[in-house]
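Here's the structure, in structure tokens; my notes come after.
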Amino acid sequence: MPHMLILGMGYTASRLATRLRAEGWRITGIRRSADAETLAFDDDSAVRAAIAQASHILSSVPPEAEADPVLTRYGAAIAAAPAIWTGYLSSTGVYGDAAGAWVDESSATGSGRRAARAQADADWGALRPDVRRFRLPGIYGPGRSALDRVREGRAHRIDLPDQIFSRAHVDDIVAGVIASIHAGPPGTYNLSDDLPCAQNRLIEEACAILCQPVPPLLTLEEAQLSPMARSFYAENRRVANGRAKRLLGWAPLYPTYREGLRACL
């Protein structure tokens, strides 16, 4: 039975765990605090034993401050582990601002606002020869989409018509990770949908689906966004997904936000 160790059981990793369990995998999850199904990150002996036993290892833990906590504490153990596959959920934020241009896996990294993420991405790439780095754009899915923001009255339309983003449905990301287990070489893969576009188009589509009025266009100042939400608009890029399609045999089930949002209902 294949055994996947997942460090960081967040939204995407938990969806992956559910899918793999349904396919007969054994899953060991790591969280900050242990529960009935997961180990605690600080349980050093248990985590190291799991690293030594797993056939597949995936980290979805983002860096904290300037360091990747998984690499800091367990990097040497993961580097020496007998696993046959290793993965890291990274971010397309490593590409920084491309002024709306396309970026692919060969594009420069490290110039954006996420220097720590770019460093962690590079460090994972150098950790082992079998590492797959999955650079993820904006992630949405059930319970975490523009539909939820519209329902809760939290949806904004920002008056930045040339600001372009990429995104991916969570289940397409899960499918891409699983595809890399069965096909394709180690390396870096962008897992994004086929239609980069302005964020406003998602809000407008969600409003149409829910028969709700479209919120007014606001400036960044008028929207009074949190610093994190505001920083989202500091970068502008289109993310190409051709490498994952060619080498993994993967294609998004939800190629645009239109199909993806309807799947979230």
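By convention here, the chains of the structure tokens are called A, B, ... in the order presented, each chain's residues are numbered starting at 1, and ligands are numbered starting at 1 in the order presented.
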
Please build the interface table for region 102-178 of chain A against region 190-203 of chain A with a cut-off of 9 Å, listing for each qualifying residue the nearest atom pair and the distance in Å to one decimal; count only C-alpha atoms, order rows by chain and increasing number, and write it as CSV.
```
residue,atom,partner,partner_atom,distance
A:Asp104,CA,A:Asn190,CA,7.2
A:Glu105,CA,A:Asn190,CA,6.8
A:Arg133,CA,A:Asn190,CA,8.4
A:Phe134,CA,A:Asn190,CA,5.8
A:Arg135,CA,A:Asn190,CA,4.8
A:Leu136,CA,A:Leu191,CA,5.7
A:Pro137,CA,A:Ser192,CA,6.2
A:Gly138,CA,A:Ser192,CA,8.5
A:Ile139,CA,A:Ser192,CA,9.0
A:Ala146,CA,A:Ile203,CA,5.8
A:Leu147,CA,A:Ile203,CA,7.7
A:Arg149,CA,A:Ile203,CA,8.4
A:Val150,CA,A:Ile203,CA,7.3
A:Ala155,CA,A:Ile203,CA,6.8
A:His156,CA,A:Ile203,CA,7.4
A:Arg157,CA,A:Asn200,CA,5.2
A:Ile158,CA,A:Asn200,CA,6.9
A:Asp159,CA,A:Asn200,CA,8.6
A:Leu160,CA,A:Ala198,CA,8.2
A:Pro161,CA,A:Ala198,CA,6.7
A:Asp162,CA,A:Ala198,CA,7.1
A:Gln163,CA,A:Ala198,CA,5.7
A:Ile164,CA,A:Ala198,CA,4.6
A:Phe165,CA,A:Pro196,CA,5.3
A:Ser166,CA,A:Pro196,CA,4.4
A:Arg167,CA,A:Ser192,CA,5.5
A:Ala168,CA,A:Ser192,CA,4.8
A:His169,CA,A:Asp193,CA,7.7
A:Asp172,CA,A:Leu191,CA,7.7
A:Ile173,CA,A:Leu191,CA,6.1
A:Gly176,CA,A:Leu191,CA,6.8
A:Val177,CA,A:Leu191,CA,8.9
```

Can you write out as a tab-separated table which residues of region 141-216 of chain A fall within 12 Å of region 37-59 of chain A, alongside each residue's closest atom pair and its distance in Å to one decimal, counting only C-alpha atoms and ordering rows by chain and ascending residue number?
```
residue	atom	partner	partner_atom	distance
A:Val174	CA	A:Leu58	CA	12.0
A:Val177	CA	A:Leu58	CA	9.6
A:Ile178	CA	A:His56	CA	11.1
A:Ser180	CA	A:His56	CA	11.5
A:Ile181	CA	A:His56	CA	8.8
A:His182	CA	A:His56	CA	11.9
```

Strand (DSSP E or B) residues, from DSSP on the backbone, in region 36-110 of chain A, as a VMD selection string: chain A and resid 38 to 40 56 to 59 64 67 85 to 91 102 to 103

Alpha helix (DSSP H) call set, DSSP backbone run, region 36-258 of chain A, as a ChimeraX atom specification: /A:44-53,69-80,115-127,146-151,170-182,199-210,220-223,227-232,242-248,257-258

Residue among A:Cys264, A:Ala122, A:Met9, A:Leu16 lying closest to Gly29 (chain A), counting only C-alpha atoms: A:Met9

Residue contacts of Ala118 (chain A) (9 Å, only C-alpha atoms) excluding same-chain residues fewer than 5 positions away, as a list in words: Ser90, Ser91, Gly93, Val94, Tyr95, Thr109, Gly110, Ser111, Gly112 and Asp123 of chain A

Between CA of Arg258 (chain A) and CA of Gly87 (chain A) - distance in Å to one decimal: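 That distance, rounded to one decimal, is 29.1 Å.
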
Nearest to Ala108 (chain A) by atom-to-atom distance, counting only C-alpha atoms, from A:Ser145, A:Leu220, A:Gly96, A:Glu66: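 Closest residue, counting only C-alpha atoms: A:Gly96.
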
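As for CA of Arg26 (chain A) and CA of Leu71 (chain A), they are spaced 23.3 Å apart.
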
Shell of 8 Å around Val70 (chain A), only C-alpha atoms, local chain residues under 4 positions omitted, as a ChimeraX atom specification: /A:7,59,61,74-75
